[in-house]
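Source file: input.cif (mmCIF, C-alpha atoms)
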```cif
data_final
loop_
_atom_site.label_atom_id
_atom_site.label_comp_id
_atom_site.auth_asym_id
_atom_site.auth_seq_id
_atom_site.Cartn_x
_atom_site.Cartn_y
_atom_site.Cartn_z
CA MET B 5 0.72 2.98 -4.39
CA ILE B 6 1.48 0.49 -7.14
CA LEU B 7 4.02 1.04 -9.91
CA ILE B 8 3.22 -0.62 -13.23
CA ASP B 9 6.22 -1.90 -15.16
CA SER B 10 6.55 -1.61 -18.93
CA SER B 11 6.34 -5.41 -19.23
CA VAL B 12 2.69 -5.22 -18.14
CA LEU B 13 1.83 -2.05 -20.03
CA ILE B 14 3.27 -3.40 -23.29
CA ASP B 15 1.18 -6.55 -22.92
CA HIS B 16 -1.85 -4.40 -22.15
CA PHE B 17 -1.42 -2.25 -25.26
CA ASN B 18 -0.84 -5.38 -27.36
CA GLY B 19 -4.12 -6.84 -26.12
CA ALA B 20 -2.50 -9.75 -24.27
CA ARG B 21 -4.54 -11.41 -21.55
CA ASN B 22 -2.52 -12.76 -18.65
CA GLN B 23 -2.45 -12.63 -14.87
CA GLN B 24 -0.66 -9.27 -14.88
CA THR B 25 -2.92 -7.47 -17.37
CA ASP B 26 -5.99 -8.86 -15.60
CA LYS B 27 -4.61 -7.50 -12.31
CA LEU B 28 -3.94 -4.11 -13.90
CA ASN B 29 -7.53 -3.93 -15.12
CA ASP B 30 -8.73 -4.91 -11.65
CA LEU B 31 -6.60 -2.21 -9.98
CA LEU B 32 -7.64 0.68 -12.22
CA GLY B 33 -10.01 2.97 -10.37
CA ARG B 34 -9.55 1.06 -7.10
CA GLU B 35 -5.90 1.73 -6.21
CA VAL B 36 -3.37 4.47 -6.84
CA VAL B 37 -1.54 3.19 -9.90
CA ALA B 38 1.51 5.01 -11.25
CA ILE B 39 4.18 4.69 -13.90
CA GLY B 40 7.74 5.98 -13.93
CA ASP B 41 9.57 8.23 -16.35
CA TYR B 42 11.80 5.40 -17.60
CA ILE B 43 8.78 3.12 -17.90
CA LEU B 44 7.01 5.77 -19.97
CA THR B 45 10.01 5.88 -22.31
CA GLU B 46 10.19 2.10 -22.62
CA VAL B 47 6.52 1.82 -23.53
CA LEU B 48 6.26 4.77 -25.93
CA GLN B 49 9.43 3.95 -27.86
CA GLY B 50 7.86 0.67 -28.99
CA PHE B 51 5.02 2.18 -31.01
CA ARG B 52 5.64 2.10 -34.72
CA ASN B 53 2.85 4.27 -36.05
CA ASN B 54 2.04 7.81 -34.99
CA LYS B 55 -1.65 7.21 -34.26
CA ASP B 56 -0.96 4.41 -31.77
CA TYR B 57 1.86 6.44 -30.25
CA ARG B 58 -0.40 9.47 -29.70
CA GLU B 59 -3.21 7.34 -28.24
CA ALA B 60 -0.86 5.55 -25.85
CA LYS B 61 0.76 8.81 -24.82
CA SER B 62 -2.67 10.26 -24.03
CA ILE B 63 -3.65 7.20 -21.98
CA LEU B 64 -0.35 7.10 -20.08
CA ARG B 65 -0.56 10.79 -19.20
CA ALA B 66 -3.60 9.93 -17.07
CA PHE B 67 -1.32 8.03 -14.67
CA PRO B 68 0.86 9.77 -12.11
CA CYS B 69 4.40 9.62 -13.50
CA LEU B 70 7.19 9.34 -10.94
CA GLU B 71 10.80 10.41 -11.45
CA LEU B 72 12.59 7.18 -10.69
CA CYS B 73 16.25 8.07 -10.45
CA GLY B 74 18.37 10.63 -8.69
CA ILE B 75 21.78 10.31 -7.08
CA GLU B 76 20.49 8.38 -4.06
CA ILE B 77 18.62 5.78 -6.13
CA ALA B 78 21.56 5.58 -8.55
CA GLU B 79 23.99 4.79 -5.73
CA LYS B 80 21.61 2.40 -3.96
CA GLY B 81 20.87 0.71 -7.29
CA ALA B 82 24.59 0.12 -7.85
CA GLU B 83 24.79 -1.40 -4.35
CA ASN B 84 21.80 -3.64 -5.07
CA PHE B 85 23.30 -4.74 -8.40
CA ARG B 86 26.62 -5.52 -6.69
CA ASN B 87 24.91 -7.41 -3.85
CA LEU B 88 23.04 -9.59 -6.33
CA ARG B 89 26.19 -10.05 -8.40
CA LYS B 90 27.97 -11.40 -5.28
CA LYS B 91 25.23 -14.03 -5.13
CA GLY B 92 25.94 -14.99 -8.74
CA ILE B 93 22.95 -13.10 -10.14
CA THR B 94 23.39 -10.62 -12.96
CA ILE B 95 20.51 -8.28 -13.80
CA ARG B 96 20.37 -7.68 -17.55
CA LYS B 97 18.92 -4.17 -17.66
CA THR B 98 20.02 -1.15 -15.65
CA ILE B 99 16.51 0.32 -15.92
CA ASP B 100 15.17 -2.71 -14.04
CA VAL B 101 17.75 -2.12 -11.30
CA ILE B 102 16.54 1.49 -11.00
CA ILE B 103 12.84 0.52 -10.99
CA ALA B 104 13.33 -2.19 -8.37
CA THR B 105 15.51 0.00 -6.18
CA PHE B 106 13.05 2.90 -6.38
CA CYS B 107 10.22 0.61 -5.29
CA ILE B 108 12.24 -0.92 -2.45
CA GLU B 109 13.41 2.45 -1.13
CA ASN B 110 9.92 4.00 -1.33
CA ASP B 111 7.95 0.95 -0.14
CA ILE B 112 5.98 0.77 -3.40
CA TYR B 113 4.53 -2.43 -4.81
CA LEU B 114 5.48 -3.37 -8.37
CA LEU B 115 3.23 -5.05 -10.92
CA HIS B 116 5.54 -6.69 -13.44
CA LYS B 117 6.02 -9.62 -15.80
CA ASP B 118 9.82 -9.61 -15.93
CA SER B 119 12.08 -12.26 -14.39
CA ASP B 120 14.80 -9.66 -13.70
CA PHE B 121 12.70 -8.45 -10.76
CA LEU B 122 12.52 -11.87 -9.07
CA PRO B 123 15.99 -11.67 -7.42
CA PHE B 124 15.02 -8.28 -5.99
CA GLN B 125 11.93 -9.91 -4.49
CA LYS B 126 13.82 -12.91 -3.15
CA HIS B 127 16.92 -11.19 -1.79
CA LEU B 128 16.25 -7.45 -1.37
CA GLY B 129 12.64 -7.09 -0.28
CA LEU B 130 10.94 -5.86 -3.46
CA LYS B 131 7.19 -6.18 -3.00
CA SER B 132 5.28 -7.57 -5.97
CA VAL B 133 1.54 -7.17 -6.44
CA LEU B 134 1.27 -10.85 -7.43
#
```

As structure tokens:
Amino acid sequence: MILIDSSVLIDHFNGARNQQTDKLNDLLGREVVAIGDYILTEVLQGFRNNKDYREAKSILRAFPCLELCGIEIAEKGAENFRNLRKKGITIRKTIDVIIATFCIENDIYLLHKDSDFLPFQKHLGLKSVL
């Protein structure tokens, strides 16, 4: 299973062509591709007009949507944040900590375009599609 981060989905909806959106298009129909509840929120909150919002919501509902955080992921995420902080690395967004931790704990690959995930790859075993 592959989790798609909002950084890729936002680019996709904006029509951006890059390595990540090309990979997403390549994966569709060939691999199990999912989103997470927080990712769904991040993507949908960015739409300014109702028509685009409704269309995106319809498209995103076609993906399996995983619940990313419970008490275990919350605690493990705090540990991961603290471990990175001890190395002098501060992750800017708590949602990214949750997404990375969820993927690490569930052995799920992440397709992303966000530098906050790189320390999780380098130090904590997050698996990236690219």

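For the residues B:Phe85, B:Tyr42, B:Tyr57, B:Phe67, ranking by smallest atom-to-atom distance to Phe17 in chain B using only C-alpha atoms places B:Tyr57 first.
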
Residue members of the PyMOL selection byres ((chain B and resi 88) around 12) in the file shown, as an MDAnalysis selection string: chainID B and resid 81:87 89:96 101 120:128

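Between Lys80 in chain B and the residues B:Asn53, B:Arg65, B:Glu109, B:Ala20, the shortest atom-to-atom distance, using only C-alpha atoms, involves B:Glu109.
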
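Selection around (-0.9, -7.6, -21.5) with radius 10 Å, counting all atoms listed in the file, yields the residues B:Ser10, B:Ser11, B:Val12, B:Leu13, B:Ile14, B:Asp15, B:His16, B:Phe17, B:Asn18, B:Gly19, B:Ala20, B:Arg21, B:Asn22, B:Gln23, B:Gln24, B:Thr25, B:Asp26, B:Lys27, B:Leu28, B:Asn29, B:Lys117.
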
Residue with smallest distance to Ile77 in chain B - pool B:Ser62, B:Ser132, B:Thr98, B:Asn54, counting only C-alpha atoms: B:Thr98

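Counting from CA of Ile99 in chain B, the distance to CA of Ile75 in chain B is 14.3 Å.
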
Residues matched by the PyMOL selection byres ((chain B and resi 107) around 12), written as a ChimeraX atom specification: /B:5-9,38-40,70-73,77,80-81,100-106,108-116,121,124-125,128-133
